[in-house]
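Following: one structure in structure tokens, then a few remarks.
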Amino acid sequence: MAAQFPGQGEGEALHRAVRSAEVAEEAGLDTVWLAEHHFVPYGTCPSAVTLAALLLGRTRRLRVGTAVSVLPTVHPVALGEQAALLHITSGGRFSLGLGRGGPWVDLEVFGAGLEAYEKGFPESLDLLVRWLREPSVGADGERYRFREVPVVPRPSESLTETEGPEVVVACTSPASVRLAAERGLPMLLGMHIGDEEKAEMVALWRSHARASGRPAGEVHRAAHVSAGVCQIADRRTDAAETLMKAMPGWLKQGLEAHVTVDGRQRQMRDPLAYTELLCGLHPVGTPRLCADRLAATSERTGISRFALLVEGSGDLAATEENVRRLGAEVLPQLA
């Protein structure tokens with residue numbers, strides 16, 4: 001998240017994010033996911049794809065993904081070119097997570113307008129996927145119109161077995177689940193929902209994917225991602241206390257800073273209650289408890305990939321220790 005906790009500077013938040021990724025590779029974890037936000041301390045990284053480039057250059061084995069690049073505020077071809085570049089130069093270690101974002105002032109600043117958020121996501125998504133899969137692309141849609149141009153560099157020119165970077169779609173509603181399923185794109189499911197709702201969304205995805213004629217093997221192999229929180233301690237109460245002390249302040253400061261583009265009223269989650277909810281839903285506790293919780297989520301939902309918020313303490317040293325314990329004490333129990 002590159003989360004800026006109360007009393008911290010933006011540089012401190014970004015340094016913690018970079019170090020967390022470096023330590024994740026050292027600890028044997030396989031992927032780091034990077035969030036993207038504009039104009040708020042909730043997350044201080046305004047370009048997940050740019051930070052991904054830095055981390056791909058600093059690591060050798062780690063996969064780096066965006067969770068997510070906010071599609072309505074960028075041109076899909078520009079993002080597609082960046083994704084292709086990272087895919088090729090990293091040896092296929094880049095995953096492109098995409099999302100709709102929110103009705104925030106970002107839409108005004110970047111000139112996208114509210115319609116790009118409310119109606120334009122499918123057109124942008126399809127254009128971007130075409131850019132990553134075809135040798136040349138033109139557009140004649142409502143938002144994007146241009147003559148056919150060659151795709152340079154083509155993702156398929158990478159010296160890897162994959163034709164292009166993985167594309168994952170953040171899904172928060174039945175409509176977005178259907179959108180991803182019809183295109184055969186795996187989902188990123190948020191940390192605010194539990195196993196039962198995630199299982200329902202996976203079942204809905206499979207139903208829509210089959211109905212739209214996606215190949216059976218593709219439906220079966222879809223590698224969805226479950227977002228959550230992870231905090232490890234020798235006692236569960238200590239892990240929960242660490243998060244309860246730090247996260248509500250970050251959530252309050254970060255969520256309150258969001259400004260809607262059209263002045264619409266929005267209801268903010270209670271930071272304390274939300275932190276308590278996250279502690280109950282996700283691997284927060286002893287290494288054994290964390291492993292059991294991850295295994296249970298995987299069994300209930302069919303999801304085997306997790307994007308875990310490990311910086312909930314707001315402290316660099318504690319975050320590094322959390323990541324190392326995740327690799328050394330939790331991961332072996334899941335093998």
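Letters for chains follow the order of the structure tokens (A, B, ...), residue numbers begin at 1 for each chain, and ligand numbers begin at 1 in the order shown.
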Find the spatial neighbours of stretch 80-96 of chain A, counting only C-alpha atoms, within a cut-off of 9 Å - ignore same-chain residues fewer than 2 positions away - and output them as a ChimeraX atom specification. /A:31,33,49-50,52-53,56-57,60-69,75-78,98,127-129,131-132,151-169
Closest contacts (stretch 140-235 of chain A/stretch 317-326 of chain A, max 12 Å, only C-alpha atoms) as a tab-separated table:
residue	atom	partner	partner_atom	distance
A:Val229	CA	A:Asn322	CA	11.3
A:Cys230	CA	A:Asn322	CA	8.1
A:Gln231	CA	A:Asn322	CA	6.4
A:Ile232	CA	A:Asn322	CA	6.0
A:Ala233	CA	A:Asn322	CA	8.2
A:Asp234	CA	A:Arg325	CA	10.6
Please write the residues from the selection above to a file, keeping all heavy atoms, as a compact mmCIF listing (two decimals), in the first residue's frame.
# COMPACT_ATOMS: atom_id res chain seq x y z
N VAL A 229 -5.10 -9.27 5.19
CA VAL A 229 -4.13 -8.70 6.12
C VAL A 229 -3.40 -9.85 6.79
O VAL A 229 -4.00 -10.89 7.07
CB VAL A 229 -4.83 -7.83 7.18
CG1 VAL A 229 -3.86 -7.37 8.25
CG2 VAL A 229 -5.49 -6.62 6.53
N CYS A 230 -2.11 -9.68 7.05
CA CYS A 230 -1.36 -10.70 7.76
C CYS A 230 -0.47 -10.04 8.81
O CYS A 230 0.31 -9.14 8.49
CB CYS A 230 -0.50 -11.52 6.79
SG CYS A 230 0.45 -12.83 7.61
N GLN A 231 -0.62 -10.47 10.05
CA GLN A 231 0.24 -10.00 11.13
C GLN A 231 0.56 -11.20 12.01
O GLN A 231 -0.35 -11.86 12.52
CB GLN A 231 -0.43 -8.90 11.94
CG GLN A 231 0.48 -8.21 12.93
CD GLN A 231 1.60 -7.42 12.26
OE1 GLN A 231 1.38 -6.79 11.23
NE2 GLN A 231 2.79 -7.47 12.83
N ILE A 232 1.85 -11.46 12.19
CA ILE A 232 2.29 -12.65 12.90
C ILE A 232 2.91 -12.27 14.24
O ILE A 232 3.68 -11.32 14.34
CB ILE A 232 3.32 -13.43 12.05
CG1 ILE A 232 2.71 -13.81 10.69
CG2 ILE A 232 3.80 -14.68 12.78
CD1 ILE A 232 3.71 -14.30 9.68
N ALA A 233 2.56 -13.02 15.27
CA ALA A 233 3.14 -12.86 16.61
C ALA A 233 3.09 -14.19 17.32
O ALA A 233 2.43 -15.13 16.85
CB ALA A 233 2.39 -11.78 17.41
N ASP A 234 3.76 -14.29 18.45
CA ASP A 234 3.76 -15.54 19.20
C ASP A 234 2.43 -15.81 19.87
O ASP A 234 2.11 -16.94 20.23
CB ASP A 234 4.89 -15.53 20.24
CG ASP A 234 6.27 -15.55 19.59
OD1 ASP A 234 6.39 -16.08 18.47
OD2 ASP A 234 7.21 -15.02 20.22
List every residue of stretch 108-201 of chain A that has an atom at most 10 Å from any atom of stretch 264-284 of chain A, and for each one report the closest atom pair and its distance in Å to one decimal, counting only C-alpha atoms, with rows sorted by chain and then by increasing residue number, as JSON lines.
{"residue": "A:Met191", "atom": "CA", "partner": "A:Leu278", "partner_atom": "CA", "distance": 7.3}
{"residue": "A:His192", "atom": "CA", "partner": "A:Leu278", "partner_atom": "CA", "distance": 7.0}
{"residue": "A:Ile193", "atom": "CA", "partner": "A:Leu281", "partner_atom": "CA", "distance": 7.8}
{"residue": "A:Gly194", "atom": "CA", "partner": "A:Leu281", "partner_atom": "CA", "distance": 5.9}
{"residue": "A:Asp195", "atom": "CA", "partner": "A:Leu281", "partner_atom": "CA", "distance": 8.0}
Those selected residues, please, written with all heavy atoms and delivered as a JSON list (two decimals), in the first residue's frame.
[["chain", "number", "residue", "atom", "x", "y", "z"],
["A", 191, "MET", "N", -9.97, -7.22, 0.54],
["A", 191, "MET", "CA", -9.77, -7.70, 1.90],
["A", 191, "MET", "C", -10.96, -7.41, 2.80],
["A", 191, "MET", "O", -11.00, -7.86, 3.94],
["A", 191, "MET", "CB", -8.50, -7.10, 2.50],
["A", 191, "MET", "CG", -8.49, -5.61, 2.65],
["A", 191, "MET", "SD", -6.87, -5.07, 3.29],
["A", 191, "MET", "CE", -7.15, -3.29, 3.46],
["A", 192, "HIS", "N", -11.96, -6.66, 2.30],
["A", 192, "HIS", "CA", -13.10, -6.29, 3.12],
["A", 192, "HIS", "C", -14.18, -7.37, 3.17],
["A", 192, "HIS", "O", -15.16, -7.22, 3.89],
["A", 192, "HIS", "CB", -13.72, -4.99, 2.59],
["A", 192, "HIS", "CG", -14.20, -5.11, 1.17],
["A", 192, "HIS", "ND1", -13.33, -5.21, 0.11],
["A", 192, "HIS", "CD2", -15.45, -5.14, 0.64],
["A", 192, "HIS", "CE1", -14.03, -5.31, -1.01],
["A", 192, "HIS", "NE2", -15.31, -5.28, -0.71],
["A", 193, "ILE", "N", -14.01, -8.45, 2.39],
["A", 193, "ILE", "CA", -15.02, -9.52, 2.38],
["A", 193, "ILE", "C", -14.38, -10.83, 2.84],
["A", 193, "ILE", "O", -13.17, -11.03, 2.73],
["A", 193, "ILE", "CB", -15.67, -9.70, 1.00],
["A", 193, "ILE", "CG1", -14.61, -9.99, -0.07],
["A", 193, "ILE", "CG2", -16.48, -8.48, 0.64],
["A", 193, "ILE", "CD1", -15.19, -10.29, -1.44],
["A", 194, "GLY", "N", -15.22, -11.74, 3.34],
["A", 194, "GLY", "CA", -14.74, -12.99, 3.88],
["A", 194, "GLY", "C", -14.83, -14.14, 2.90],
["A", 194, "GLY", "O", -15.18, -13.98, 1.73],
["A", 195, "ASP", "N", -14.54, -15.34, 3.41],
["A", 195, "ASP", "CA", -14.45, -16.52, 2.55],
["A", 195, "ASP", "C", -15.76, -16.83, 1.84],
["A", 195, "ASP", "O", -15.77, -17.20, 0.67],
["A", 195, "ASP", "CB", -14.04, -17.73, 3.39],
["A", 195, "ASP", "CG", -12.62, -17.62, 3.91],
["A", 195, "ASP", "OD1", -11.89, -16.72, 3.46],
["A", 195, "ASP", "OD2", -12.25, -18.44, 4.77]]
Record the distance separating atom CA of A:Ala180 and atom CA of A:Glu118, expressed in Å with one decimal. 16.3 Å
Give me every alpha helix (DSSP H) residue in stretch 136-324 of chain A, going by DSSP on the backbone, as a count of residues only. 88
Residues within 8 Å of A:Leu55, only C-alpha atoms, excluding chain neighbours under 3 positions, as a PyMOL selection string: chain A and resi 18+21-22+51-52+58-59+64
List the neighbours of stretch 216-221 of chain A out to 12 Å using only C-alpha atoms; skip same-chain residues closer than 2 positions along the sequence, and give me the result as a ChimeraX atom specification. /A:180-187,202-214,223-224,302-304
Requested write-out: N, CA, C and O atoms of the selected residues, as a CSV table (one decimal), in the first residue's frame:
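What landed in result_36.csv:
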chain,number,residue,atom,x,y,z
A,180,ALA,N,-15.0,-9.7,-16.0
A,180,ALA,CA,-13.8,-10.5,-16.0
A,180,ALA,C,-14.0,-11.9,-16.5
A,180,ALA,O,-13.1,-12.4,-17.3
A,181,ALA,N,-15.1,-12.5,-16.1
A,181,ALA,CA,-15.3,-13.9,-16.5
A,181,ALA,C,-15.5,-14.0,-18.0
A,181,ALA,O,-14.9,-15.0,-18.6
A,182,GLU,N,-16.2,-13.1,-18.6
A,182,GLU,CA,-16.4,-13.2,-20.1
A,182,GLU,C,-15.2,-13.1,-20.9
A,182,GLU,O,-15.1,-13.5,-22.0
A,183,ARG,N,-14.1,-12.5,-20.3
A,183,ARG,CA,-12.9,-12.3,-20.9
A,183,ARG,C,-11.8,-13.3,-20.5
A,183,ARG,O,-10.7,-13.3,-20.9
A,184,GLY,N,-12.2,-14.2,-19.5
A,184,GLY,CA,-11.3,-15.2,-19.0
A,184,GLY,C,-10.2,-14.6,-18.2
A,184,GLY,O,-9.1,-15.2,-18.1
A,185,LEU,N,-10.4,-13.5,-17.5
A,185,LEU,CA,-9.4,-12.8,-16.7
A,185,LEU,C,-9.6,-13.1,-15.2
A,185,LEU,O,-10.8,-13.0,-14.7
A,186,PRO,N,-8.6,-13.6,-14.5
A,186,PRO,CA,-8.8,-13.9,-13.1
A,186,PRO,C,-9.1,-12.6,-12.3
A,186,PRO,O,-8.8,-11.5,-12.7
A,187,MET,N,-9.7,-12.8,-11.1
A,187,MET,CA,-10.1,-11.8,-10.3
A,187,MET,C,-9.2,-11.5,-9.1
A,187,MET,O,-8.5,-12.4,-8.6
A,202,VAL,N,-16.3,-16.5,-6.9
A,202,VAL,CA,-15.6,-17.5,-7.7
A,202,VAL,C,-16.6,-18.3,-8.5
A,202,VAL,O,-16.5,-18.6,-9.7
A,203,ALA,N,-17.7,-18.8,-7.8
A,203,ALA,CA,-18.7,-19.6,-8.4
A,203,ALA,C,-19.4,-18.8,-9.5
A,203,ALA,O,-19.7,-19.4,-10.6
A,204,LEU,N,-19.7,-17.5,-9.2
A,204,LEU,CA,-20.3,-16.7,-10.3
A,204,LEU,C,-19.4,-16.5,-11.5
A,204,LEU,O,-19.9,-16.6,-12.6
A,205,TRP,N,-18.1,-16.3,-11.2
A,205,TRP,CA,-17.2,-16.1,-12.3
A,205,TRP,C,-17.2,-17.4,-13.2
A,205,TRP,O,-17.2,-17.3,-14.4
A,206,ARG,N,-17.1,-18.5,-12.6
A,206,ARG,CA,-17.1,-19.8,-13.3
A,206,ARG,C,-18.3,-20.0,-14.2
A,206,ARG,O,-18.3,-20.4,-15.3
A,207,SER,N,-19.5,-19.6,-13.6
A,207,SER,CA,-20.7,-19.7,-14.3
A,207,SER,C,-20.7,-18.8,-15.5
A,207,SER,O,-21.1,-19.3,-16.6
A,208,HIS,N,-20.3,-17.6,-15.4
A,208,HIS,CA,-20.3,-16.6,-16.5
A,208,HIS,C,-19.3,-17.0,-17.5
A,208,HIS,O,-19.5,-16.9,-18.7
A,209,ALA,N,-18.1,-17.5,-17.1
A,209,ALA,CA,-17.1,-17.9,-18.0
A,209,ALA,C,-17.5,-19.1,-18.9
A,209,ALA,O,-17.3,-19.1,-20.1
A,210,ARG,N,-18.2,-20.1,-18.2
A,210,ARG,CA,-18.7,-21.2,-19.0
A,210,ARG,C,-19.8,-20.8,-20.0
A,210,ARG,O,-19.8,-21.2,-21.1
A,211,ALA,N,-20.7,-19.9,-19.5
A,211,ALA,CA,-21.8,-19.4,-20.4
A,211,ALA,C,-21.3,-18.6,-21.6
A,211,ALA,O,-21.9,-18.6,-22.6
A,212,SER,N,-20.2,-18.0,-21.4
A,212,SER,CA,-19.6,-17.2,-22.5
A,212,SER,C,-18.7,-18.0,-23.4
A,212,SER,O,-18.1,-17.5,-24.4
A,213,GLY,N,-18.6,-19.3,-23.1
A,213,GLY,CA,-17.8,-20.2,-24.0
A,213,GLY,C,-16.3,-20.2,-23.8
A,213,GLY,O,-15.6,-20.7,-24.6
A,214,ARG,N,-15.9,-19.8,-22.6
A,214,ARG,CA,-14.5,-19.9,-22.3
A,214,ARG,C,-14.1,-21.4,-22.2
A,214,ARG,O,-14.9,-22.2,-21.7
A,223,ALA,N,-6.4,-18.3,-12.0
A,223,ALA,CA,-5.6,-18.1,-10.7
A,223,ALA,C,-6.1,-16.8,-10.0
A,223,ALA,O,-5.4,-15.7,-10.1
A,224,HIS,N,-7.2,-16.8,-9.4
A,224,HIS,CA,-7.7,-15.7,-8.7
A,224,HIS,C,-6.8,-15.3,-7.5
A,224,HIS,O,-6.1,-16.2,-7.0
A,302,GLY,N,-11.3,-22.0,-3.2
A,302,GLY,CA,-10.6,-22.5,-4.4
A,302,GLY,C,-9.5,-21.5,-4.8
A,302,GLY,O,-8.8,-21.8,-5.8
A,303,ILE,N,-9.2,-20.5,-4.0
A,303,ILE,CA,-8.2,-19.5,-4.4
A,303,ILE,C,-6.9,-19.9,-3.7
A,303,ILE,O,-6.9,-20.2,-2.5
A,304,SER,N,-5.8,-19.9,-4.4
A,304,SER,CA,-4.5,-20.3,-3.8
A,304,SER,C,-3.5,-19.2,-3.9
A,304,SER,O,-2.3,-19.4,-3.5
I need the residues in stretch 52-93 of chain A that are strand (DSSP E or B) according to DSSP; give them as a VMD selection string. chain A and resid 63 to 66 69 to 70
Could those selected residues go to a file with N, CA and C atoms, as a compact mmCIF listing (two decimals), in the first residue's frame?
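For reference, out38.txt as written:
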# COMPACT_ATOMS: atom_id res chain seq x y z
N ARG A 63 8.01 -12.05 -8.59
CA ARG A 63 7.01 -11.50 -9.49
C ARG A 63 6.46 -10.24 -8.85
N VAL A 64 6.21 -9.21 -9.67
CA VAL A 64 5.67 -7.95 -9.17
C VAL A 64 4.38 -7.64 -9.92
N GLY A 65 3.32 -7.36 -9.17
CA GLY A 65 2.04 -7.06 -9.79
C GLY A 65 1.46 -5.75 -9.29
N THR A 66 0.60 -5.15 -10.08
CA THR A 66 -0.11 -3.95 -9.67
C THR A 66 -1.46 -4.36 -9.11
N SER A 69 -3.55 -1.00 -11.05
CA SER A 69 -3.44 0.20 -11.88
C SER A 69 -4.86 0.66 -12.18
N VAL A 70 -5.12 1.94 -11.92
CA VAL A 70 -6.49 2.47 -12.07
C VAL A 70 -6.70 2.87 -13.53
May I ask which of the residues A:Leu188, A:Val177, A:Ala13, A:Ala116 is the closest one to A:Arg143, counting only C-alpha atoms? A:Ala116
